[in-house]
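Enquirer: Got a structure for you, written out below as structure tokens; questions coming shortly.
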Amino acid sequence: MLIKSKDPSEPKSYEITPESGYLSRREWLKRAGYLGVGAAAFTHLGAQAKTDANWQAMLRSKLASSNQWPSSAKDELTPYDDIIKYNNFYEFGTGKDDPSRNSKDFKVDPWRVEIEGAVKRPGKYTLEDILKPHPLEDRVYRFRCVEAWSMVVPWVGFPLADLIKRFEPTSKAKYVRFETLVDPDRFPAQRFGRSTLDWPYVEGLTMAEAMHPLSLMVVGIYGKPLLPQNGAPLRLMLPWKYGFKSIKSIVKIQFVEQQPRTTWQRMASQEYGFYANVNPQVDHPRWSQKRERRLPNSLFNPNWVETQKFNGYEDQVASLYKDIDLSKNF
Ligand SMILES: Nc1nc2c(c(=O)[nH]1)N[C@H]1C(S)=C(S)[C@@H](COP(=O)(O)O)O[C@H]1N2
Ligand SMILES: [Mo]
């Protein structure tokens, strides 16, 4: 990934307490009775909705009943304005401010999510089909880009595992492969062919990673519907992995036997691996991963914080990797 010279208009610095806000959030959800979505998780897909008309209203009413997070969260939240103006989304351009500038006219509809491969319920689903049975959860996660900047974001979404279970993967499903929309009318950078990335943007997870309770399918930020620059209408959030794994604007989910080849592996496999777990002990070939610039920050106050192994989620995810060498499988 390109590291651009510092933009003096970057947001200003502030203090932050480096400790997980996620656990206190879980605690809060438990107390509020939001956890244990078991029944919804196993709801089968009903008759597929025929129009795109209802999903936005459905999303707004679901957001209205989430939209809260504990004031006791240990990490100070990154302001909304920074989250929606400092982005990586190469379909809109490679600059950090390209996604917010070039997505103003982006229309989500029509949108379909295609489910393929080793599942009992493949098909093309509307956003209404996708959203319907899932209660939304607010989750404050740290988010760490491989370029060594980070944010703390109150995402709104639902567990990826709950969505996956509805499609009934078979025993042949070893990995999950995701694709972003390809549409040069909606994504300006795709009009220039393959000059920046090879479209579609592709990401992948092992089945165990995809089913992990931290893996979130995101539909909102700060209680508001996801904006195009952040990956509307559906994007992943995998807080223990570098940001590029959290693919935006998903239109395809495939269940496959072989490890998928991902976009950044294809671009530079010596720099970006399949796993991409946040790891201060394994430097990027071109820069250190020991610390990160927490947004908001500035040229004069970069607001460095120590990078934590698995971005601070080691207790929850380390068991997924007990049998692999993390310096080889970076
Ligand atoms: N389709 C797509 N998904 C993507 C990207 C992209 O360029 N295209 N960039 C990735 C990278 S490098 C990061 S750091 C995050 C940025 O998410 P944010 O802009 O919401 O902070 O999105 C990830 N998902
Ligand atoms: Mo990134």
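Letters for chains follow the order of the structure tokens (A, B, ...), residue numbers begin at 1 for each chain, and ligand numbers begin at 1 in the order shown.
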With a distance cut-off of 12 Å and only C-alpha atoms, select the neighbouring residues of Glu147 in chain A, excluding the residue or stretch itself and same-chain residues fewer than 3 positions from it, and output the selection as number ranges by chain.
Expert: A: 1-4, 87-88, 96, 143-144, 150, 242-244, 271-272, 278, 283-294, 307
Enquirer: Give the helix (DSSP H, G or I) residues of range 94-206 of chain A, as assigned by DSSP on the backbone, as a PyMOL selection string.
Expert: chain A and resi 98-102+127-131+160-167+188-192
Enquirer: May I ask which of the residues A:Val256, A:Lys104, A:Phe158, A:Val218 is the closest one to Lys174 in chain A, counting only C-alpha atoms?
Expert: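 Closest candidate: A:Val256.
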Enquirer: Rank A:Lys248, A:Arg112, A:Lys62, A:Arg235 by their smallest atom-to-atom distance to ligand 1, using only C-alpha atoms and all ligand atoms, and report the top residue only.
Expert: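 Among the listed residues, A:Lys248 lies closest to ligand 1.
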Enquirer: Which residues come within 7 Å of Ala210 in chain A, counting only C-alpha atoms, excluding same-chain residues fewer than 5 positions away, as a ChimeraX atom specification?
Expert: /A:160-161,205,215
Enquirer: Point out the residue among A:Thr126, A:Ser246, A:Gln316, A:Gln308 with the least atom-to-atom distance to ligand 2, counting only C-alpha atoms and all ligand atoms.
Expert: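 Between A:Thr126, A:Ser246, A:Gln316, A:Gln308, the residue approaching ligand 2 most closely is A:Ser246.
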Enquirer: Can you check which parts of chain A lie within 9 Å of ligand 1? Per residue, the shortest pair of atoms and distance in Å to one decimal, counting only C-alpha atoms and all ligand atoms, sorted by chain and number, as CSV.
Expert:
residue,atom,partner,partner_atom_place_in_ligand_line,distance
A:Met1,CA,ligand 1,12 (S),7.3
A:Ile83,CA,ligand 1,21 (O),6.1
A:Ile84,CA,ligand 1,19 (O),7.2
A:Lys85,CA,ligand 1,19 (O),8.0
A:Tyr86,CA,ligand 1,19 (O),6.4
A:Asn87,CA,ligand 1,19 (O),3.4
A:Asn88,CA,ligand 1,19 (O),4.4
A:Phe89,CA,ligand 1,7 (O),3.4
A:Tyr90,CA,ligand 1,7 (O),3.8
A:Glu91,CA,ligand 1,8 (N),5.9
A:Phe92,CA,ligand 1,7 (O),8.0
A:Gly93,CA,ligand 1,7 (O),8.2
A:Thr94,CA,ligand 1,7 (O),7.8
A:Lys96,CA,ligand 1,19 (O),8.2
A:Pro99,CA,ligand 1,19 (O),7.8
A:Phe143,CA,ligand 1,21 (O),7.7
A:Arg144,CA,ligand 1,14 (S),7.0
A:Cys145,CA,ligand 1,14 (S),4.3
A:Val146,CA,ligand 1,14 (S),6.9
A:Glu147,CA,ligand 1,14 (S),7.6
A:Trp149,CA,ligand 1,14 (S),8.4
A:Ser150,CA,ligand 1,14 (S),8.5
A:Met151,CA,ligand 1,21 (O),7.9
A:Val153,CA,ligand 1,21 (O),8.9
A:Glu179,CA,ligand 1,1 (N),7.5
A:Thr180,CA,ligand 1,1 (N),5.0
A:Leu181,CA,ligand 1,1 (N),7.6
A:Leu197,CA,ligand 1,7 (O),8.4
A:Trp199,CA,ligand 1,1 (N),8.9
A:Pro200,CA,ligand 1,1 (N),7.6
A:Tyr201,CA,ligand 1,1 (N),5.0
A:Val202,CA,ligand 1,1 (N),7.4
A:Glu203,CA,ligand 1,3 (N),8.5
A:Gln229,CA,ligand 1,19 (O),6.3
A:Asn230,CA,ligand 1,20 (O),3.9
A:Gly231,CA,ligand 1,20 (O),6.5
A:Arg235,CA,ligand 1,24 (N),7.8
A:Leu236,CA,ligand 1,24 (N),8.1
A:Met237,CA,ligand 1,22 (O),8.8
A:Tyr242,CA,ligand 1,14 (S),7.0
A:Gly243,CA,ligand 1,14 (S),3.9
A:Phe244,CA,ligand 1,10 (C),3.6
A:Lys245,CA,ligand 1,23 (C),6.2
A:Ser246,CA,ligand 1,24 (N),4.9
A:Ile247,CA,ligand 1,3 (N),3.9
A:Lys248,CA,ligand 1,3 (N),4.0
A:Ser249,CA,ligand 1,1 (N),6.1
A:Ile250,CA,ligand 1,1 (N),7.5
A:Trp264,CA,ligand 1,12 (S),9.0
Enquirer: For those residues, write C-alpha atoms to a file as a PDB file, in the first residue's frame.
Expert:
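Just written: again27.pdb:
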ATOM      1  CA  MET A   1       0.000   0.000   0.000  1.00  0.00           C
ATOM      2  CA  ILE A  83     -13.912   8.096  10.142  1.00  0.00           C
ATOM      3  CA  ILE A  84     -15.832   9.291   7.064  1.00  0.00           C
ATOM      4  CA  LYS A  85     -13.107  11.520   5.584  1.00  0.00           C
ATOM      5  CA  TYR A  86      -9.877   9.549   5.993  1.00  0.00           C
ATOM      6  CA  ASN A  87     -10.382   6.331   4.046  1.00  0.00           C
ATOM      7  CA  ASN A  88      -8.818   3.614   1.964  1.00  0.00           C
ATOM      8  CA  PHE A  89     -11.165   2.565  -0.831  1.00  0.00           C
ATOM      9  CA  TYR A  90      -9.253   2.213  -4.079  1.00  0.00           C
ATOM     10  CA  GLU A  91     -12.428   1.876  -6.165  1.00  0.00           C
ATOM     11  CA  PHE A  92     -12.864   5.616  -5.482  1.00  0.00           C
ATOM     12  CA  GLY A  93      -9.169   6.507  -5.875  1.00  0.00           C
ATOM     13  CA  THR A  94      -5.935   5.984  -3.939  1.00  0.00           C
ATOM     14  CA  LYS A  96      -7.211   9.267   1.647  1.00  0.00           C
ATOM     15  CA  PRO A  99     -13.388   8.083  -1.202  1.00  0.00           C
ATOM     16  CA  PHE A 143      -9.082  -0.696  13.693  1.00  0.00           C
ATOM     17  CA  ARG A 144      -5.463  -0.876  12.525  1.00  0.00           C
ATOM     18  CA  CYS A 145      -4.379  -0.306   8.916  1.00  0.00           C
ATOM     19  CA  VAL A 146      -1.194  -2.034   7.714  1.00  0.00           C
ATOM     20  CA  GLU A 147       0.072   1.480   6.868  1.00  0.00           C
ATOM     21  CA  TRP A 149      -2.513   4.374  11.367  1.00  0.00           C
ATOM     22  CA  SER A 150      -5.483   3.413  13.490  1.00  0.00           C
ATOM     23  CA  MET A 151      -8.882   4.473  14.741  1.00  0.00           C
ATOM     24  CA  VAL A 153     -14.821   3.045  15.731  1.00  0.00           C
ATOM     25  CA  GLU A 179     -15.822  -9.882  -3.601  1.00  0.00           C
ATOM     26  CA  THR A 180     -16.563  -6.163  -3.883  1.00  0.00           C
ATOM     27  CA  LEU A 181     -18.855  -4.795  -6.585  1.00  0.00           C
ATOM     28  CA  LEU A 197      -5.856  -2.744  -8.512  1.00  0.00           C
ATOM     29  CA  TRP A 199     -10.866  -5.699  -9.871  1.00  0.00           C
ATOM     30  CA  PRO A 200     -12.829  -7.098  -8.183  1.00  0.00           C
ATOM     31  CA  TYR A 201     -11.263  -6.510  -4.766  1.00  0.00           C
ATOM     32  CA  VAL A 202     -11.088  -9.995  -3.213  1.00  0.00           C
ATOM     33  CA  GLU A 203     -10.627 -11.075   0.381  1.00  0.00           C
ATOM     34  CA  GLN A 229     -16.734   5.717   1.518  1.00  0.00           C
ATOM     35  CA  ASN A 230     -16.845   3.273   4.448  1.00  0.00           C
ATOM     36  CA  GLY A 231     -18.169   0.409   2.313  1.00  0.00           C
ATOM     37  CA  ARG A 235     -18.583  -4.521   4.792  1.00  0.00           C
ATOM     38  CA  LEU A 236     -16.570  -6.751   7.067  1.00  0.00           C
ATOM     39  CA  MET A 237     -14.807  -5.726  10.258  1.00  0.00           C
ATOM     40  CA  TYR A 242      -4.926  -5.361   9.223  1.00  0.00           C
ATOM     41  CA  GLY A 243      -7.584  -3.126   7.695  1.00  0.00           C
ATOM     42  CA  PHE A 244      -7.263  -4.432   4.146  1.00  0.00           C
ATOM     43  CA  LYS A 245      -8.906  -7.731   5.195  1.00  0.00           C
ATOM     44  CA  SER A 246     -12.099  -5.830   6.049  1.00  0.00           C
ATOM     45  CA  ILE A 247     -13.514  -5.783   2.530  1.00  0.00           C
ATOM     46  CA  LYS A 248     -16.105  -3.158   1.605  1.00  0.00           C
ATOM     47  CA  SER A 249     -19.290  -3.110  -0.491  1.00  0.00           C
ATOM     48  CA  ILE A 250     -19.642  -6.886  -0.679  1.00  0.00           C
ATOM     49  CA  TRP A 264      -3.132  -7.569  -1.886  1.00  0.00           C
TER      50      TRP A 264
END
Enquirer: Would you work out the distance separating CA of Arg261 in chain A from CA of Val119 in chain A, expressed in Å to one decimal?
Expert: 20.2 Å
Enquirer: Please compute the CA of Pro233 in chain A-CA of Leu77 in chain A distance, one decimal, in Å.
Expert: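 Distance between the two atoms: 22.3 Å.
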Enquirer: Out of A:Lys124, A:Lys309, A:Lys241, A:Lys252, which residue has the shortest atom-to-atom distance to ligand 2 when counting only C-alpha atoms and all ligand atoms?
Expert: A:Lys241
Enquirer: I'd like to know which residues of range 153-286 of chain A are strand (DSSP E) (by DSSP, run on the backbone); could you write them as a ChimeraX atom specification?
Expert: /A:153-159,175-180,202-206,216-221,224-225,235-237,250-256
Enquirer: Using only C-alpha atoms, can you tell me which of A:Glu257, A:Glu116, A:Asp185, A:Asp109 comes closest to Glu128 in chain A?
Expert: A:Asp109
Enquirer: Measuring between only C-alpha atoms and all ligand atoms, which one of A:Ile115, A:Ala276, A:Leu234, A:Ala189 shows the shortest distance to ligand 2?
Expert: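 Using only C-alpha atoms and all ligand atoms, the shortest distance to ligand 2 belongs to A:Ala276.
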Enquirer: Separation of CA of Phe255 in chain A and CA of Phe178 in chain A, in Å?
Expert: 9.1 Å
